[in-house]
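Down below is the structure, laid out as structure tokens.
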Amino acid sequence: MSRGRKQVLSGEAAQKKTLLLWPGVVAVLLQWLLMFVIPAIVPKAMAFGLIGGLLCGLMIIVWWAFFSRAPRFERWGAVVLMIVALVITSRIIHESIQTGNMGLMFTIYATPVLSLAFVIWAVVSRRLSDGLRRALMVATILVACGAWTLVRSDGITGYGITDFVWRWAETPEERLLAQAENESTEHMSSLLSTETGANWPGFRGPYRDGIIHGLQIETDWSASPPVELWRRPIGPGCSSFAIHGDLLYTQEQRGDDEVVSCYYLMTGEPVWKHRDAARFWDSHVGAGPRATPTFNDSCLFTLGATGLLNMLDADNGTVVWSRNAASDTDAKVREWGFTSSPLVVSDVVIVALAGKMVAYNLATGDLRWVGPDGGSGYSSPHLMTIDGVTQILLVSAIGVTSVAPADGTLLWEHSWQEGDKIMQPAITADGDILFSAGMRKGMRRIGVAHGPDGWTTEELWTSIRMRPNFNDFIINKEHLYGFDGPNLACMEIGNGKRKWRGDRYSGQLLLLADQDLLLVLSEEGEVALVEATPDRFIELARFQAVEGKTWSHPALAGDVLVIRNAREMVAFRLSLD
């Protein structure tokens, strides 16, 4: 071998040995620590971790392009290839990762994976020949990006974690549709109804406050555990239940149809199904209706995720009347669909299309009135009496709006233009209103008064010591029980100060007022009993009820607890005290 050739090889070897690798290694370790390790320990740090992780990704690019000492072709070739690979991948990944905020989530997840793969390549290949090194670089970048085309998202959790599954894996809905092929109307109506006296007319109970009076249950579940009555698969959706007598009503998605379903409460056997040709899907939750049916005077009122409003005969599902509320009001379907559970007041049924309330004549389905536009929002109309005046409240983008139920006339509004409003308001014993901005922005208490010059509102306090996301809260005596992020918390109503912060549930809850007892349904499908007392957090019992992400509100009619998620529903009988 010639002396010149030896010198070239010696120079190449020296160049490879002088690669500056430690900054890249430190940056990628810090990136994974910020994005995954710290948020798992301190959930509040997730937002900062994501921002810090993306900045670490930028640091890795800067390091490689300017300070790695790699050959110029490798430095800039890698940067260009990363950008091109990410852009192309973002166009061909599954729609569940591509659309809406999930497009941003793809960037957030792809960045640390690509960074880690690239730094590992840089370290492992530093002594390889140029040709092999560069070939492996191309393969590493393409595989790290292209692997995302093999997965899809089944939504996100309340903690902001994406549920990835293989792209072509069968969904629970597909399995349900295959199993339900032989389910016929004749089979549905073959059983005899048994009157139970159970009553849970709709979303969060009779008053939409999640509070139950006149019921006391056994709290020692090790000695008297809840008894499972039945369990069955169900189509996707976030609906909860309406219950009357021995009949249970909910909404679900079955293929291209939104379905209103009726089942026997004590057996879970299907009774009837009403179908509408509509399908809504978003990348956070998945497919299916979001609202809960409302039972009123032998009729059932339902709102689909695209705005289809039905009045059905509760005994057999026959359509009394049906309207497309979105078309009637030129309302655009929002990011998470229409989520309002219908509210029946006197001779009207009221729904919210985003931040606008719409009322229909109960008997005919004729449009009665359209309220003021509050912008976006995912809360439901809420009936309250303030200063002796019956009114309908809606929490939306602008804050809280109150209208007269007869004609939709604006009574008052209070501005708080933060977050995406999702939760229901609540009224205190002295007539003040509590509501949340949602999206972990905090809580506010306002005073509302009716004087000679009309209605006035006053902000009494705003607190970030309880920051619910989409989880409703409950008032018990002088305290508020709800969620601070994923953690159950107790807050003093008088001053907005937090009393305690308990375990992570990130779910929904009910209050058994006679026992000062919270029944909590966690996002992971666990049911827990927690004392609704301000002194400290005390969990009495917990058990696993369903598997998979659980966002729907529980329903409790008599001693029967019914819960569901997007995959299955189950009923338990609770032992009475």
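Labeling convention for the structure tokens: chains A, B, ... as they appear, residues from 1 per chain, ligands from 1 in order of appearance.
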When you look at Asp256 in chain A with a cut-off of 8 Å (counting only C-alpha atoms), what residues show up, excluding the ones that are within fewer than 5 positions of it in the same chain? I need them as a compact mmCIF listing (two decimals) with N, CA and C atoms, in the first residue's frame.
# COMPACT_ATOMS: atom_id res chain seq x y z
N ALA A 277 -77.84 7.18 11.00
CA ALA A 277 -76.67 7.07 10.11
C ALA A 277 -75.74 8.26 10.36
N ALA A 278 -74.87 8.12 11.33
CA ALA A 278 -73.93 9.18 11.69
C ALA A 278 -72.75 8.55 12.42
N ARG A 279 -71.59 9.10 12.18
CA ARG A 279 -70.39 8.63 12.89
C ARG A 279 -69.48 9.83 13.14
Near-range 313-328 of chain A list (9 Å; only C-alpha atoms; drop same-chain fewer than 3 positions) as a count of residues only: 33
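If you measure from each of A:Leu312, A:Arg134, A:Trp221, A:Pro233 to Leu529 in chain A using only C-alpha atoms, the closest one turns out to be A:Trp221.
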Residue among A:Ile120, A:Ala144, A:Leu519, A:Ala404 lying closest to His382 in chain A, counting only C-alpha atoms: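 Under the stated criterion, the closest residue is A:Ala404.
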DSSP-assigned alpha helix (DSSP H) members of range 235-422 of chain A, reported as a PyMOL selection string: chain A and resi 325-329
Residue neighbourhood range 494-499 of chain A, 10 Å, only C-alpha atoms, exclusion window fewer than 5 positions, as an NGL selection string: :A and (428 or 443-445 or 460-466 or 478-481 or 484 or 489 or 533-537)
Please write the residues from the selection above to a file, keeping N, CA and C atoms, as a CSV table (one decimal), in the first residue's frame.
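Output (again38.csv):
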chain,number,residue,atom,x,y,z
A,428,THR,N,-73.7,26.9,45.6
A,428,THR,CA,-73.4,26.7,47.0
A,428,THR,C,-74.7,26.9,47.8
A,443,MET,N,-60.3,27.1,39.4
A,443,MET,CA,-61.7,27.2,39.8
A,443,MET,C,-62.0,28.6,40.1
A,444,ARG,N,-63.3,29.0,40.0
A,444,ARG,CA,-63.8,30.3,40.4
A,444,ARG,C,-65.1,30.2,41.1
A,445,ARG,N,-65.3,31.1,42.1
A,445,ARG,CA,-66.5,31.3,42.8
A,445,ARG,C,-67.1,32.7,42.5
A,460,LEU,N,-65.6,36.2,43.5
A,460,LEU,CA,-65.3,36.2,44.9
A,460,LEU,C,-63.9,35.6,45.2
A,461,TRP,N,-63.5,34.6,44.4
A,461,TRP,CA,-62.2,34.1,44.4
A,461,TRP,C,-61.9,33.3,43.2
A,462,THR,N,-60.7,33.2,42.8
A,462,THR,CA,-60.2,32.3,41.7
A,462,THR,C,-59.0,31.6,42.2
A,463,SER,N,-59.0,30.3,42.1
A,463,SER,CA,-57.9,29.5,42.7
A,463,SER,C,-57.4,28.5,41.7
A,464,ILE,N,-56.1,28.2,41.7
A,464,ILE,CA,-55.4,27.2,41.0
A,464,ILE,C,-55.0,26.0,41.9
A,465,ARG,N,-55.6,26.0,43.1
A,465,ARG,CA,-55.3,24.9,44.0
A,465,ARG,C,-56.1,23.7,43.7
A,466,MET,N,-57.1,23.8,42.9
A,466,MET,CA,-57.8,22.7,42.3
A,466,MET,C,-58.0,23.0,40.8
A,478,GLU,N,-69.5,22.5,53.4
A,478,GLU,CA,-68.7,23.7,53.1
A,478,GLU,C,-67.5,23.4,52.3
A,479,HIS,N,-67.4,22.2,51.6
A,479,HIS,CA,-66.2,21.9,50.9
A,479,HIS,C,-66.6,21.4,49.5
A,480,LEU,N,-65.6,21.5,48.6
A,480,LEU,CA,-65.6,21.1,47.2
A,480,LEU,C,-64.7,19.9,47.0
A,481,TYR,N,-65.2,18.9,46.4
A,481,TYR,CA,-64.4,17.7,46.1
A,481,TYR,C,-64.3,17.5,44.6
A,484,ASP,N,-57.5,17.9,41.1
A,484,ASP,CA,-56.4,18.7,40.8
A,484,ASP,C,-55.5,18.0,39.9
A,489,ALA,N,-59.0,15.9,45.2
A,489,ALA,CA,-58.6,17.0,46.1
A,489,ALA,C,-59.8,17.5,46.8
A,533,THR,N,-64.6,14.1,53.7
A,533,THR,CA,-64.3,14.9,54.9
A,533,THR,C,-63.1,15.7,54.6
A,534,PRO,N,-63.0,17.0,55.2
A,534,PRO,CA,-62.0,17.9,54.9
A,534,PRO,C,-60.7,17.7,55.6
A,535,ASP,N,-60.7,16.8,56.7
A,535,ASP,CA,-59.5,16.7,57.5
A,535,ASP,C,-58.3,16.1,56.8
A,536,ARG,N,-58.5,15.0,56.1
A,536,ARG,CA,-57.5,14.4,55.3
A,536,ARG,C,-58.1,13.4,54.3
A,537,PHE,N,-57.2,13.0,53.4
A,537,PHE,CA,-57.6,12.0,52.4
A,537,PHE,C,-57.7,10.6,53.0
DSSP strand (DSSP E or B) residues within range 160-327 of chain A, listed as a PyMOL selection string: chain A and resi 162-166+199-200+211-212+217+227-233+242-244+247-254+257-264+270-277+281-282+286-287+294-296+299-303+308-313+319-324
Nearest residue to Pro405 in chain A from the set A:Leu343, A:Met439, A:Ala110, A:Ile234 (distances using only C-alpha atoms):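 Checking each candidate against Pro405 in chain A, we get A:Leu343 as the closest.
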All residues 9 Å or closer to Leu114 in chain A, only C-alpha atoms, same chain fewer than 5 positions away omitted, as a ChimeraX atom specification: /A:57,82,109,119,140-141,143-145
Export of the given selection (N, CA and C atoms) as a PDB file, in the first residue's frame:
ATOM      1  N   GLY A  57     -34.175  18.197  21.741  1.00  0.00           N
ATOM      2  CA  GLY A  57     -34.092  17.738  20.357  1.00  0.00           C
ATOM      3  C   GLY A  57     -33.420  18.766  19.468  1.00  0.00           C
ATOM      4  N   MET A  82     -33.445  13.946   8.225  1.00  0.00           N
ATOM      5  CA  MET A  82     -34.388  13.924   9.349  1.00  0.00           C
ATOM      6  C   MET A  82     -35.636  14.739   9.031  1.00  0.00           C
ATOM      7  N   TYR A 109     -43.698  12.855  20.206  1.00  0.00           N
ATOM      8  CA  TYR A 109     -43.223  11.487  20.435  1.00  0.00           C
ATOM      9  C   TYR A 109     -42.094  11.105  19.477  1.00  0.00           C
ATOM     10  N   VAL A 119     -28.436   9.260  18.195  1.00  0.00           N
ATOM     11  CA  VAL A 119     -27.267   9.319  19.072  1.00  0.00           C
ATOM     12  C   VAL A 119     -26.662   7.928  19.249  1.00  0.00           C
ATOM     13  N   THR A 140     -31.063   4.181   9.982  1.00  0.00           N
ATOM     14  CA  THR A 140     -31.505   4.545  11.328  1.00  0.00           C
ATOM     15  C   THR A 140     -32.575   5.622  11.287  1.00  0.00           C
ATOM     16  N   ILE A 141     -32.353   6.662  10.514  1.00  0.00           N
ATOM     17  CA  ILE A 141     -33.316   7.767  10.432  1.00  0.00           C
ATOM     18  C   ILE A 141     -34.628   7.295   9.817  1.00  0.00           C
ATOM     19  N   VAL A 143     -35.872   4.217   9.670  1.00  0.00           N
ATOM     20  CA  VAL A 143     -36.580   3.274  10.536  1.00  0.00           C
ATOM     21  C   VAL A 143     -37.193   4.002  11.730  1.00  0.00           C
ATOM     22  N   ALA A 144     -36.435   4.926  12.342  1.00  0.00           N
ATOM     23  CA  ALA A 144     -36.945   5.657  13.503  1.00  0.00           C
ATOM     24  C   ALA A 144     -38.182   6.474  13.145  1.00  0.00           C
ATOM     25  N   CYS A 145     -38.226   7.001  11.929  1.00  0.00           N
ATOM     26  CA  CYS A 145     -39.406   7.761  11.493  1.00  0.00           C
ATOM     27  C   CYS A 145     -40.487   6.834  10.935  1.00  0.00           C
TER      28      CYS A 145
END
Nearby residues (only C-alpha atoms) at most 9 Å from Gln515 in chain A, same-chain spacing under 2 positions excluded, as a PyMOL selection string: chain A and resi 215-217+511-513+517-518+531-532
Coordinates-based distance that separates CA of Leu556 in chain A from CA of Asp220 in chain A (Å, one decimal): 18.3 Å
Length of the CA of Phe67 in chain A to CA of Ile51 in chain A vector [Å]: 22.9 Å
Atom pair CA of Asp330 in chain A / CA of Gly375 in chain A: separation (Å):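 According to the coordinates, CA of Asp330 in chain A and CA of Gly375 in chain A are separated by 13.3 Å.
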Nearest candidate to Ala429 in chain A (options A:Ser96, A:Asn476, A:Ser222, A:Ser376; using only C-alpha atoms):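 Answer, going by the shortest atom-to-atom distance: A:Asn476.
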Distance query Gly268 in chain A at most 12 Å, only C-alpha atoms, self and fewer than 2 positions along chain excluded, as a ChimeraX atom specification: /A:188,191,193,228-234,246-250,261-266,270-272,562-563,568-572
A:Gly288, A:Gly52, A:Gly146, A:Gly431 ranked by distance to Ile93 in chain A, top pick (using only C-alpha atoms): A:Gly146
